[in-house]
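Structure file work_3.cif (mmCIF, C-alpha atoms) follows.
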```
data_query
loop_
_atom_site.group_PDB
_atom_site.id
_atom_site.type_symbol
_atom_site.label_atom_id
_atom_site.label_comp_id
_atom_site.auth_asym_id
_atom_site.auth_seq_id
_atom_site.Cartn_x
_atom_site.Cartn_y
_atom_site.Cartn_z
ATOM 1 C CA MET R 1 -10.022 -27.441 14.610
ATOM 2 C CA THR R 2 -11.825 -24.831 12.526
ATOM 3 C CA GLU R 3 -13.492 -24.977 9.125
ATOM 4 C CA GLU R 4 -13.684 -21.203 8.739
ATOM 5 C CA ARG R 5 -12.001 -19.398 5.849
ATOM 6 C CA ALA R 6 -9.290 -17.455 7.612
ATOM 7 C CA ILE R 7 -8.085 -14.048 6.463
ATOM 8 C CA LEU R 8 -4.396 -13.428 5.803
ATOM 9 C CA LEU R 9 -3.394 -9.763 5.605
ATOM 10 C CA LEU R 10 -0.170 -9.271 3.688
ATOM 11 C CA ALA R 11 1.980 -6.144 4.056
ATOM 12 C CA TYR R 12 5.432 -5.041 2.915
ATOM 13 C CA GLY R 13 7.219 -4.913 6.253
ATOM 14 C CA THR R 14 9.332 -2.224 7.904
ATOM 15 C CA PRO R 15 12.366 -2.106 10.206
ATOM 16 C CA ARG R 16 11.661 -0.827 13.695
ATOM 17 C CA ASN R 17 15.164 0.357 14.553
ATOM 18 C CA GLU R 18 18.616 0.882 13.052
ATOM 19 C CA LYS R 19 19.776 -2.694 13.750
ATOM 20 C CA GLU R 20 16.975 -4.099 11.608
ATOM 21 C CA VAL R 21 17.663 -1.966 8.523
ATOM 22 C CA ALA R 22 20.511 -4.068 7.061
ATOM 23 C CA PRO R 23 18.703 -7.448 7.274
ATOM 24 C CA TYR R 24 15.524 -5.771 6.002
ATOM 25 C CA LEU R 25 17.344 -4.467 2.906
ATOM 26 C CA ARG R 26 19.072 -7.827 2.527
ATOM 27 C CA ASP R 27 15.696 -9.539 2.352
ATOM 28 C CA ILE R 28 14.433 -7.053 -0.252
ATOM 29 C CA ARG R 29 17.570 -7.783 -2.309
ATOM 30 C CA GLU R 30 17.100 -11.559 -1.953
ATOM 31 C CA GLY R 31 20.186 -12.093 0.169
ATOM 32 C CA LYS R 32 22.516 -9.575 -1.480
ATOM 33 C CA GLU R 33 24.312 -7.164 0.819
ATOM 34 C CA PRO R 34 23.013 -3.583 0.507
ATOM 35 C CA ALA R 35 25.426 -0.867 -0.542
ATOM 36 C CA ASP R 36 26.638 1.329 2.311
ATOM 37 C CA SER R 37 25.091 4.365 0.615
ATOM 38 C CA ALA R 38 21.661 2.699 0.442
ATOM 39 C CA LEU R 39 21.934 1.599 4.058
ATOM 40 C CA LYS R 40 22.923 5.053 5.305
ATOM 41 C CA ASP R 41 20.259 6.791 3.221
ATOM 42 C CA LEU R 42 17.454 4.587 4.545
ATOM 43 C CA ILE R 43 18.604 4.971 8.146
ATOM 44 C CA LYS R 44 18.742 8.756 7.693
ATOM 45 C CA ARG R 45 15.178 8.813 6.361
ATOM 46 C CA TYR R 46 13.866 6.784 9.295
ATOM 47 C CA GLU R 47 15.768 9.014 11.732
ATOM 48 C CA VAL R 48 14.207 12.142 10.201
ATOM 49 C CA ILE R 49 10.699 10.762 10.840
ATOM 50 C CA LYS R 50 11.871 9.537 14.278
ATOM 51 C CA TRP R 51 11.138 5.904 13.376
ATOM 52 C CA SER R 52 7.424 6.758 13.378
ATOM 53 C CA SER R 53 6.443 4.526 10.460
ATOM 54 C CA ASN R 54 3.290 2.788 11.663
ATOM 55 C CA LEU R 55 3.021 0.029 9.056
ATOM 56 C CA LEU R 56 3.373 -2.774 11.598
ATOM 57 C CA GLU R 57 1.063 -1.226 14.193
ATOM 58 C CA CYS R 58 -1.518 -0.284 11.578
ATOM 59 C CA THR R 59 -1.584 -3.790 10.078
ATOM 60 C CA PHE R 60 -2.067 -5.473 13.449
ATOM 61 C CA SER R 61 -4.738 -2.959 14.401
ATOM 62 C CA LEU R 62 -6.572 -3.825 11.178
ATOM 63 C CA LYS R 63 -6.235 -7.496 12.097
ATOM 64 C CA ASN R 64 -7.747 -6.958 15.547
ATOM 65 C CA LYS R 65 -10.589 -4.780 14.302
ATOM 66 C CA LEU R 66 -11.438 -7.182 11.488
ATOM 67 C CA GLU R 67 -11.549 -10.127 13.879
ATOM 68 C CA THR R 68 -14.107 -8.217 15.927
ATOM 69 C CA GLU R 69 -16.143 -7.170 12.894
ATOM 70 C CA LEU R 70 -16.042 -10.682 11.424
ATOM 71 C CA ARG R 71 -17.248 -12.200 14.697
ATOM 72 C CA ARG R 72 -13.915 -13.658 15.732
ATOM 73 C CA ARG R 73 -13.064 -15.201 12.374
ATOM 74 C CA PRO R 74 -9.284 -15.765 12.530
ATOM 75 C CA VAL R 75 -7.156 -13.063 10.875
ATOM 76 C CA TYR R 76 -3.400 -13.490 10.423
ATOM 77 C CA VAL R 77 -0.634 -11.094 9.397
ATOM 78 C CA GLY R 78 2.370 -11.858 7.198
ATOM 79 C CA MET R 79 5.019 -9.410 5.997
ATOM 80 C CA LYS R 80 6.828 -9.663 2.677
ATOM 81 C CA HIS R 81 10.234 -8.424 3.817
ATOM 82 C CA TRP R 82 10.290 -8.331 7.620
ATOM 83 C CA LYS R 83 8.905 -9.884 10.772
ATOM 84 C CA PRO R 84 6.438 -11.436 11.124
ATOM 85 C CA PHE R 85 7.243 -12.976 7.748
ATOM 86 C CA ILE R 86 4.628 -14.551 5.486
ATOM 87 C CA SER R 87 6.277 -17.911 6.201
ATOM 88 C CA GLU R 88 5.653 -17.446 9.939
ATOM 89 C CA ALA R 89 1.961 -16.754 9.334
ATOM 90 C CA VAL R 90 1.717 -19.865 7.150
ATOM 91 C CA GLU R 91 3.320 -22.023 9.837
ATOM 92 C CA GLN R 92 0.850 -20.680 12.413
ATOM 93 C CA MET R 93 -2.150 -21.303 10.154
ATOM 94 C CA LYS R 94 -1.001 -24.868 9.549
ATOM 95 C CA GLU R 95 -0.578 -25.394 13.288
ATOM 96 C CA ASP R 96 -4.090 -23.983 13.812
ATOM 97 C CA ARG R 97 -5.366 -26.423 11.147
ATOM 98 C CA ILE R 98 -6.912 -23.750 8.963
ATOM 99 C CA LYS R 99 -8.588 -25.399 5.977
ATOM 100 C CA SER R 100 -9.094 -22.388 3.700
ATOM 101 C CA ILE R 101 -7.572 -18.923 3.417
ATOM 102 C CA THR R 102 -8.397 -15.607 1.779
ATOM 103 C CA ALA R 103 -5.127 -13.715 1.291
ATOM 104 C CA ILE R 104 -5.415 -9.925 0.919
ATOM 105 C CA PRO R 105 -2.316 -7.865 0.115
ATOM 106 C CA LEU R 106 -2.615 -4.413 1.657
ATOM 107 C CA ALA R 107 -1.627 -3.090 -1.756
ATOM 108 C CA PRO R 108 -4.758 -2.756 -3.928
ATOM 109 C CA TYR R 109 -3.049 -2.511 -7.341
ATOM 110 C CA TYR R 110 -1.699 -5.527 -9.169
ATOM 111 C CA SER R 111 1.854 -5.742 -10.425
ATOM 112 C CA LEU R 112 3.951 -8.823 -10.980
ATOM 113 C CA MET R 113 6.824 -6.984 -9.275
ATOM 114 C CA SER R 114 4.909 -5.918 -6.168
ATOM 115 C CA THR R 115 1.690 -7.830 -5.477
ATOM 116 C CA GLY R 116 3.060 -10.755 -7.456
ATOM 117 C CA GLY R 117 5.899 -10.922 -4.949
ATOM 118 C CA TYR R 118 3.436 -11.527 -2.120
ATOM 119 C CA GLU R 119 1.832 -14.342 -4.096
ATOM 120 C CA LYS R 120 5.213 -15.893 -4.862
ATOM 121 C CA LYS R 121 6.333 -15.799 -1.227
ATOM 122 C CA LEU R 122 3.027 -17.253 -0.064
ATOM 123 C CA LYS R 123 3.325 -20.155 -2.518
ATOM 124 C CA ARG R 124 6.881 -20.847 -1.371
ATOM 125 C CA ALA R 125 5.873 -20.767 2.279
ATOM 126 C CA LEU R 126 3.018 -23.216 1.692
ATOM 127 C CA GLU R 127 5.313 -25.587 -0.201
ATOM 128 C CA ALA R 128 8.074 -25.334 2.410
ATOM 129 C CA VAL R 129 5.869 -26.809 5.124
ATOM 130 C CA SER R 130 3.842 -29.102 2.804
ATOM 131 C CA TYR R 131 0.667 -27.215 3.662
ATOM 132 C CA SER R 132 -2.075 -28.169 1.223
ATOM 133 C CA THR R 133 -4.995 -25.813 1.672
ATOM 134 C CA ASP R 134 -7.473 -23.801 -0.369
ATOM 135 C CA VAL R 135 -6.088 -20.280 -0.866
ATOM 136 C CA LEU R 136 -7.974 -17.457 -2.571
ATOM 137 C CA PHE R 137 -5.488 -14.696 -3.377
ATOM 138 C CA VAL R 138 -6.922 -11.227 -4.040
ATOM 139 C CA ARG R 139 -4.634 -9.809 -6.722
ATOM 140 C CA SER R 140 -6.396 -6.477 -7.233
ATOM 141 C CA TRP R 141 -9.124 -4.668 -5.299
ATOM 142 C CA TYR R 142 -8.617 -0.943 -5.952
ATOM 143 C CA ALA R 143 -11.975 -0.561 -7.759
ATOM 144 C CA PHE R 144 -14.083 -1.933 -4.910
ATOM 145 C CA PRO R 145 -16.755 0.774 -4.369
ATOM 146 C CA ALA R 146 -16.383 0.990 -0.588
ATOM 147 C CA TYR R 147 -12.633 1.558 -0.995
ATOM 148 C CA ILE R 148 -13.239 4.361 -3.494
ATOM 149 C CA GLN R 149 -15.553 5.966 -0.946
ATOM 150 C CA VAL R 150 -12.790 5.844 1.676
ATOM 151 C CA TRP R 151 -10.594 8.000 -0.569
ATOM 152 C CA LYS R 152 -13.490 10.199 -1.644
ATOM 153 C CA ARG R 153 -14.070 11.231 1.976
ATOM 154 C CA ARG R 154 -10.396 11.972 2.537
ATOM 155 C CA LEU R 155 -10.010 13.991 -0.630
ATOM 156 C CA GLU R 156 -13.152 16.016 0.051
ATOM 157 C CA ALA R 157 -11.940 16.795 3.576
ATOM 158 C CA ALA R 158 -8.555 17.981 2.264
ATOM 159 C CA VAL R 159 -9.996 20.107 -0.534
ATOM 160 C CA GLU R 160 -12.477 21.775 1.855
ATOM 161 C CA LYS R 161 -9.514 23.303 3.707
ATOM 162 C CA THR R 162 -7.990 24.913 0.624
ATOM 163 C CA GLU R 163 -8.525 28.031 -1.423
ATOM 164 C CA GLU R 164 -9.701 27.959 -5.036
ATOM 165 C CA LYS R 165 -6.284 28.025 -6.695
ATOM 166 C CA HIS R 166 -5.107 24.492 -6.012
ATOM 167 C CA SER R 167 -4.256 21.331 -7.910
ATOM 168 C CA VAL R 168 -4.976 17.764 -6.789
ATOM 169 C CA VAL R 169 -2.134 15.344 -7.396
ATOM 170 C CA PHE R 170 -2.783 11.624 -6.931
ATOM 171 C CA SER R 171 0.335 9.527 -6.469
ATOM 172 C CA GLY R 172 1.616 5.989 -6.087
ATOM 173 C CA HIS R 173 4.888 4.157 -5.552
ATOM 174 C CA SER R 174 6.982 4.125 -8.717
ATOM 175 C CA LEU R 175 8.235 0.910 -10.319
ATOM 176 C CA PRO R 176 10.788 0.358 -13.106
ATOM 177 C CA GLU R 177 9.368 1.549 -16.416
ATOM 178 C CA ARG R 178 10.163 -1.798 -18.042
ATOM 179 C CA ILE R 179 6.978 -3.212 -16.529
ATOM 180 C CA LEU R 180 5.042 -1.413 -19.275
ATOM 181 C CA ALA R 181 6.709 -3.500 -21.983
ATOM 182 C CA MET R 182 5.671 -6.575 -19.991
ATOM 183 C CA GLY R 183 2.018 -5.548 -20.147
ATOM 184 C CA ASP R 184 1.937 -5.094 -16.386
ATOM 185 C CA PRO R 185 -1.351 -3.382 -15.337
ATOM 186 C CA TYR R 186 0.066 -1.500 -12.334
ATOM 187 C CA ARG R 187 0.166 2.004 -13.831
ATOM 188 C CA ASP R 188 -3.264 1.579 -15.441
ATOM 189 C CA ASN R 189 -4.695 0.329 -12.122
ATOM 190 C CA LEU R 190 -3.475 3.472 -10.357
ATOM 191 C CA LEU R 191 -4.754 5.826 -13.053
ATOM 192 C CA ASP R 192 -8.103 4.047 -13.131
ATOM 193 C CA CYS R 193 -8.438 4.361 -9.353
ATOM 194 C CA ALA R 194 -7.618 8.088 -9.562
ATOM 195 C CA ARG R 195 -10.330 8.508 -12.209
ATOM 196 C CA LEU R 196 -12.876 6.652 -10.079
ATOM 197 C CA ILE R 197 -12.129 8.841 -7.052
ATOM 198 C CA ALA R 198 -12.159 12.013 -9.160
ATOM 199 C CA ASN R 199 -15.533 11.054 -10.655
ATOM 200 C CA GLU R 200 -16.991 10.411 -7.213
ATOM 201 C CA THR R 201 -15.763 13.785 -5.945
ATOM 202 C CA ARG R 202 -16.770 15.556 -9.190
ATOM 203 C CA LEU R 203 -13.200 16.654 -9.608
ATOM 204 C CA LYS R 204 -12.747 18.024 -13.122
ATOM 205 C CA LYS R 205 -8.976 18.476 -13.143
ATOM 206 C CA TRP R 206 -6.305 16.388 -11.480
ATOM 207 C CA GLU R 207 -2.720 15.226 -11.958
ATOM 208 C CA PHE R 208 -0.855 11.988 -11.312
ATOM 209 C CA ALA R 209 2.735 11.484 -10.207
ATOM 210 C CA PHE R 210 4.963 8.784 -8.743
ATOM 211 C CA THR R 211 7.062 8.714 -5.589
ATOM 212 C CA SER R 212 9.706 6.574 -3.909
ATOM 213 C CA ALA R 213 11.668 5.484 -6.996
ATOM 214 C CA SER R 214 14.895 3.663 -6.171
ATOM 215 C CA ASN R 215 18.279 4.559 -7.595
ATOM 216 C CA THR R 216 18.882 1.385 -9.607
ATOM 217 C CA GLY R 217 20.358 2.878 -12.755
ATOM 218 C CA GLU R 218 17.251 2.274 -14.868
ATOM 219 C CA LYS R 219 14.292 4.481 -15.713
ATOM 220 C CA TRP R 220 11.313 4.354 -13.350
ATOM 221 C CA LEU R 221 7.698 5.376 -13.894
ATOM 222 C CA GLY R 222 7.204 9.131 -13.893
ATOM 223 C CA PRO R 223 6.766 11.967 -13.635
ATOM 224 C CA SER R 224 7.931 12.084 -10.056
ATOM 225 C CA LEU R 225 5.947 14.074 -7.518
ATOM 226 C CA LEU R 226 8.882 16.502 -7.243
ATOM 227 C CA GLU R 227 8.836 17.047 -11.016
ATOM 228 C CA LYS R 228 5.071 17.540 -10.942
ATOM 229 C CA ILE R 229 5.323 20.152 -8.170
ATOM 230 C CA GLN R 230 7.905 22.076 -10.205
ATOM 231 C CA GLU R 231 5.652 21.908 -13.272
ATOM 232 C CA LEU R 232 2.653 23.190 -11.320
ATOM 233 C CA SER R 233 4.735 25.999 -9.841
ATOM 234 C CA ARG R 234 5.624 27.185 -13.335
ATOM 235 C CA LYS R 235 1.890 27.243 -14.121
ATOM 236 C CA GLY R 236 1.189 29.469 -11.134
ATOM 237 C CA VAL R 237 -0.407 26.876 -8.851
ATOM 238 C CA GLU R 238 -0.097 28.004 -5.247
ATOM 239 C CA LEU R 239 -1.373 24.958 -3.374
ATOM 240 C CA VAL R 240 -1.002 21.236 -4.039
ATOM 241 C CA VAL R 241 -3.419 18.708 -2.541
ATOM 242 C CA SER R 242 -1.525 15.422 -2.323
ATOM 243 C CA ALA R 243 -3.605 12.228 -2.410
ATOM 244 C CA PRO R 244 -1.166 9.269 -2.063
ATOM 245 C CA ILE R 245 -3.620 6.588 -3.168
ATOM 246 C CA GLY R 246 -0.808 4.110 -3.794
ATOM 247 C CA PHE R 247 -0.405 3.665 -0.038
ATOM 248 C CA LEU R 248 -2.730 2.797 2.831
ATOM 249 C CA CYS R 249 -1.041 4.005 6.003
ATOM 250 C CA ASP R 250 1.393 6.547 7.426
ATOM 251 C CA HIS R 251 4.752 4.940 6.810
ATOM 252 C CA LEU R 252 8.125 6.032 5.421
ATOM 253 C CA GLU R 253 7.050 6.655 1.816
ATOM 254 C CA VAL R 254 4.340 9.017 3.038
ATOM 255 C CA LEU R 255 5.920 10.547 6.127
ATOM 256 C CA TYR R 256 9.248 11.293 4.445
ATOM 257 C CA ASP R 257 8.806 11.318 0.655
ATOM 258 C CA ILE R 258 5.658 13.458 0.765
ATOM 259 C CA ASP R 259 5.413 15.157 4.156
ATOM 260 C CA ILE R 260 9.075 16.191 4.255
ATOM 261 C CA GLU R 261 10.733 15.980 0.833
ATOM 262 C CA ALA R 262 7.816 17.080 -1.386
ATOM 263 C CA ARG R 263 6.506 19.633 1.107
ATOM 264 C CA SER R 264 9.974 21.141 1.492
ATOM 265 C CA LEU R 265 10.257 21.590 -2.278
ATOM 266 C CA ALA R 266 6.800 23.179 -2.438
ATOM 267 C CA GLU R 267 7.756 25.652 0.302
ATOM 268 C CA ARG R 268 10.987 26.595 -1.482
ATOM 269 C CA LEU R 269 8.905 27.359 -4.566
ATOM 270 C CA GLY R 270 6.514 29.526 -2.563
ATOM 271 C CA MET R 271 3.754 26.913 -2.610
ATOM 272 C CA GLU R 272 1.852 24.976 0.026
ATOM 273 C CA LEU R 273 1.306 21.222 0.088
ATOM 274 C CA VAL R 274 -1.678 19.702 1.906
ATOM 275 C CA ARG R 275 -1.902 15.917 2.171
ATOM 276 C CA THR R 276 -5.025 13.824 2.566
ATOM 277 C CA ARG R 277 -5.430 11.614 5.596
ATOM 278 C CA MET R 278 -4.449 7.980 4.960
ATOM 279 C CA PRO R 279 -6.924 5.096 5.447
ATOM 280 C CA ASN R 280 -4.699 3.652 8.214
ATOM 281 C CA ASP R 281 -6.866 1.593 10.593
ATOM 282 C CA ASP R 282 -9.803 4.043 10.455
ATOM 283 C CA ASP R 283 -13.263 2.602 10.979
ATOM 284 C CA ASP R 284 -14.487 3.361 7.450
ATOM 285 C CA PHE R 285 -11.531 1.494 5.963
ATOM 286 C CA VAL R 286 -12.127 -1.462 8.290
ATOM 287 C CA GLN R 287 -15.751 -1.518 7.129
ATOM 288 C CA ALA R 288 -14.622 -1.418 3.482
ATOM 289 C CA LEU R 289 -12.381 -4.441 4.069
ATOM 290 C CA LYS R 290 -15.215 -6.230 5.876
ATOM 291 C CA LEU R 291 -17.598 -5.632 2.958
ATOM 292 C CA MET R 292 -14.966 -6.855 0.533
ATOM 293 C CA ILE R 293 -14.412 -10.050 2.520
ATOM 294 C CA GLU R 294 -18.167 -10.672 2.708
ATOM 295 C CA GLU R 295 -18.430 -10.237 -1.054
ATOM 296 C CA LEU R 296 -15.546 -12.644 -1.592
ATOM 297 C CA ASP R 297 -17.364 -15.158 0.608
ATOM 298 C CA SER R 298 -20.690 -14.910 -1.183
ATOM 299 C CA ARG R 299 -20.050 -14.385 -4.901
ATOM 300 C CA ALA R 300 -17.721 -13.307 -7.660
ATOM 301 C CA SER R 301 -17.249 -9.558 -7.908
ATOM 302 C CA PRO R 302 -16.438 -7.420 -10.970
ATOM 303 C CA TYR R 303 -14.304 -5.230 -8.681
ATOM 304 C CA LEU R 304 -12.084 -7.966 -7.260
ATOM 305 C CA TYR R 305 -9.446 -9.782 -9.306
ATOM 306 C CA THR R 306 -8.677 -13.107 -7.607
ATOM 307 C CA ALA R 307 -6.759 -16.311 -8.209
ATOM 308 C CA ARG R 308 -6.527 -19.727 -6.551
ATOM 309 C CA ILE R 309 -3.049 -20.734 -5.473
#
```
Is it possible to give me this structure as structure tokens?
Amino acid sequence: MTEERAILLLAYGTPRNEKEVAPYLRDIREGKEPADSALKDLIKRYEVIKWSSNLLECTFSLKNKLETELRRRPVYVGMKHWKPFISEAVEQMKEDRIKSITAIPLAPYYSLMSTGGYEKKLKRALEAVSYSTDVLFVRSWYAFPAYIQVWKRRLEAAVEKTEEKHSVVFSGHSLPERILAMGDPYRDNLLDCARLIANETRLKKWEFAFTSASNTGEKWLGPSLLEKIQELSRKGVELVVSAPIGFLCDHLEVLYDIDIEARSLAERLGMELVRTRMPNDDDDFVQALKLMIEELDSRASPYLYTARI
């Protein structure tokens, strides 16, 4: 039995091979069968990157490194849409008799549609196994100073390799535009994070765009990164520095949407696209997470938006 506050890392999930794509999409669509076109398109994208999305490996590496840094405090992993599911992590924590949990979505920006989905699935999983425990859910943590420094270092390293005539474009995963009418803070969280990073790097000019919008028949947040690249080309920009701050590791939305799709467009327009390194499981990011956990343990923080569930 342990009285320690365990850490639960929550991530989106990713299929590891073609056979897993259909059930993965089915889970995202809450049991509805995916259209053949959506299934084929996603498989094609994974094939182009040779199934090299490292979301699963990166998350478990973060788990292992954090356990070491936190002196063997237990760290669990639960995925929103694929194995190991959040429900599986909850069952294991109950079996291990964990009395209190700090749940951290590896998505620093709050949205009812994204981060809220992690919270909803965690609540359901706890109720399903009648697991009554103290859970601190970190809804938003993008403004935590050590996290801003992680991106500052990556942006500075990317800009150092470029010539003068470049434009920095921060980006994040798009969501349906209707979230704005709901008062959802997601877009403002992303823009605020971009401003914080830009201020730290003394960056005077920068742009913001969205990637990875789904074809659902409704309008999504924009402009898209592809639209932004076209706009910058018309202005004579020769080099784009892409900083995908909406993501944390090298997975499909970075390796395909930016490294292949956006870079291909830039090349066709006679431009170059340079992308920042992602936080992944790098030591400075691990240290940022450790500092955040220690702050959550000791006191309330103006940089961390939390809730008890």
Item to check | Spatial neighbours of R:Met278, 7 Å, all atoms listed in the file, chain gap at least 5 places, as a PyMOL selection string | outcome: chain R and resi 248-250
Item to check | Surrounding residues of R:Glu20 excluding itself and chain neighbours under 3 positions, 12 Å, all atoms listed in the file, as a VMD selection string | outcome: chain R and resid 13 to 17 23 to 27 39 42 to 43 46 51 81 to 83
Checklist entry - Pick the closest to R:Lys44 from R:Ile28, R:Val21, R:Leu273, R:Val237: which is it, counting only C-alpha atoms? => result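 So, comparing all the options, the nearest one is R:Val21.
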Item to check | Neighbour list for R:Leu126 as a ChimeraX atom specification, cut-off 10 Å, all atoms listed in the file, skip fewer than 4 positions in-chain | outcome: /R:86-87,90-91,94,121-122,130-133,135,309
Checklist outcome for this item: Counting all atoms listed in the file, closest pick from R:Val240, R:Val48, R:Ala213, R:Leu8 relative to R:Phe60 is R:Leu8
Checklist entry - Got a sec to resolve the PyMOL selection byres ((chain R and resi 11) around 12) on this structure and send the residues as a ChimeraX atom specification? => result /R:8-10,12-14,54-60,62-63,76-86,89,103-108,114-115,117-119,121-122,247-249,251
Checklist entry - So which residues get picked by the PyMOL selection byres ((chain R and resi 153) around 12) here, written as a ChimeraX atom specification? => result /R:146-152,154-160,197-198,200-201,243,276-279,282,284-285
Checklist entry - Distance atom CA of R:Ala22-atom CA of R:Lys219, one decimal place? => result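 Distance between the two atoms: 25.1 Å.
Between R:Thr68 and the candidates R:Gln287, R:Ser301, R:Thr306, R:Thr216, the tightest atom-to-atom separation, counting only C-alpha atoms, involves R:Gln287.
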Could you work out an axis-aligned bounding box for all listed atoms of stretch 272-281 of chain R, with 3 Å added on each of the six sides, and give its centre and edge lengths in Å to one decimal, as JSON?
```
{"center_x": -2.5, "center_y": 13.3, "center_z": 5.3, "size_x": 14.8, "size_y": 29.4, "size_z": 16.6}
```
Checklist entry - Taking into account only C-alpha atoms, which residue in the set R:Val286, R:Phe137, R:Asp36, R:Trp220 is nearest to R:Ile179? => result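 Ranking R:Val286, R:Phe137, R:Asp36, R:Trp220 by distance to R:Ile179, first place goes to R:Trp220.
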Checklist entry - Which is closer to R:Glu272 than all the others in R:Leu291, R:Leu190, R:Val241, R:Leu226, using only C-alpha atoms? => result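 Ranked by minimum distance to R:Glu272, first place goes to R:Val241.
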Checklist entry - In Å, with one decimal, what is the gap from atom CA of R:Lys50 to atom CA of R:Glu261? => result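 It comes out at 15.0 Å.
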Next on the checklist: Just checking: using all atoms listed in the file, which residue out of R:Lys32, R:Lys235, R:Ile7, R:Tyr186 ends up closest to R:Trp141?
Outcome noted: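 Comparing R:Lys32, R:Lys235, R:Ile7, R:Tyr186 against R:Trp141, the winner is R:Tyr186.
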Checklist entry - Hey, what's within 8 Å of R:Leu221 if we count all atoms listed in the file and toss same-chain stuff fewer than 3 positions away? As a PyMOL selection string, please? => result chain R and resi 174-177+210+213+224
Next on the checklist: I'd like the interatomic distance between atom CA of R:Arg71 and atom CA of R:Arg299, to a tenth of an Å.
Outcome noted: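 Separation of atom CA of R:Arg71 and atom CA of R:Arg299: 19.9 Å.
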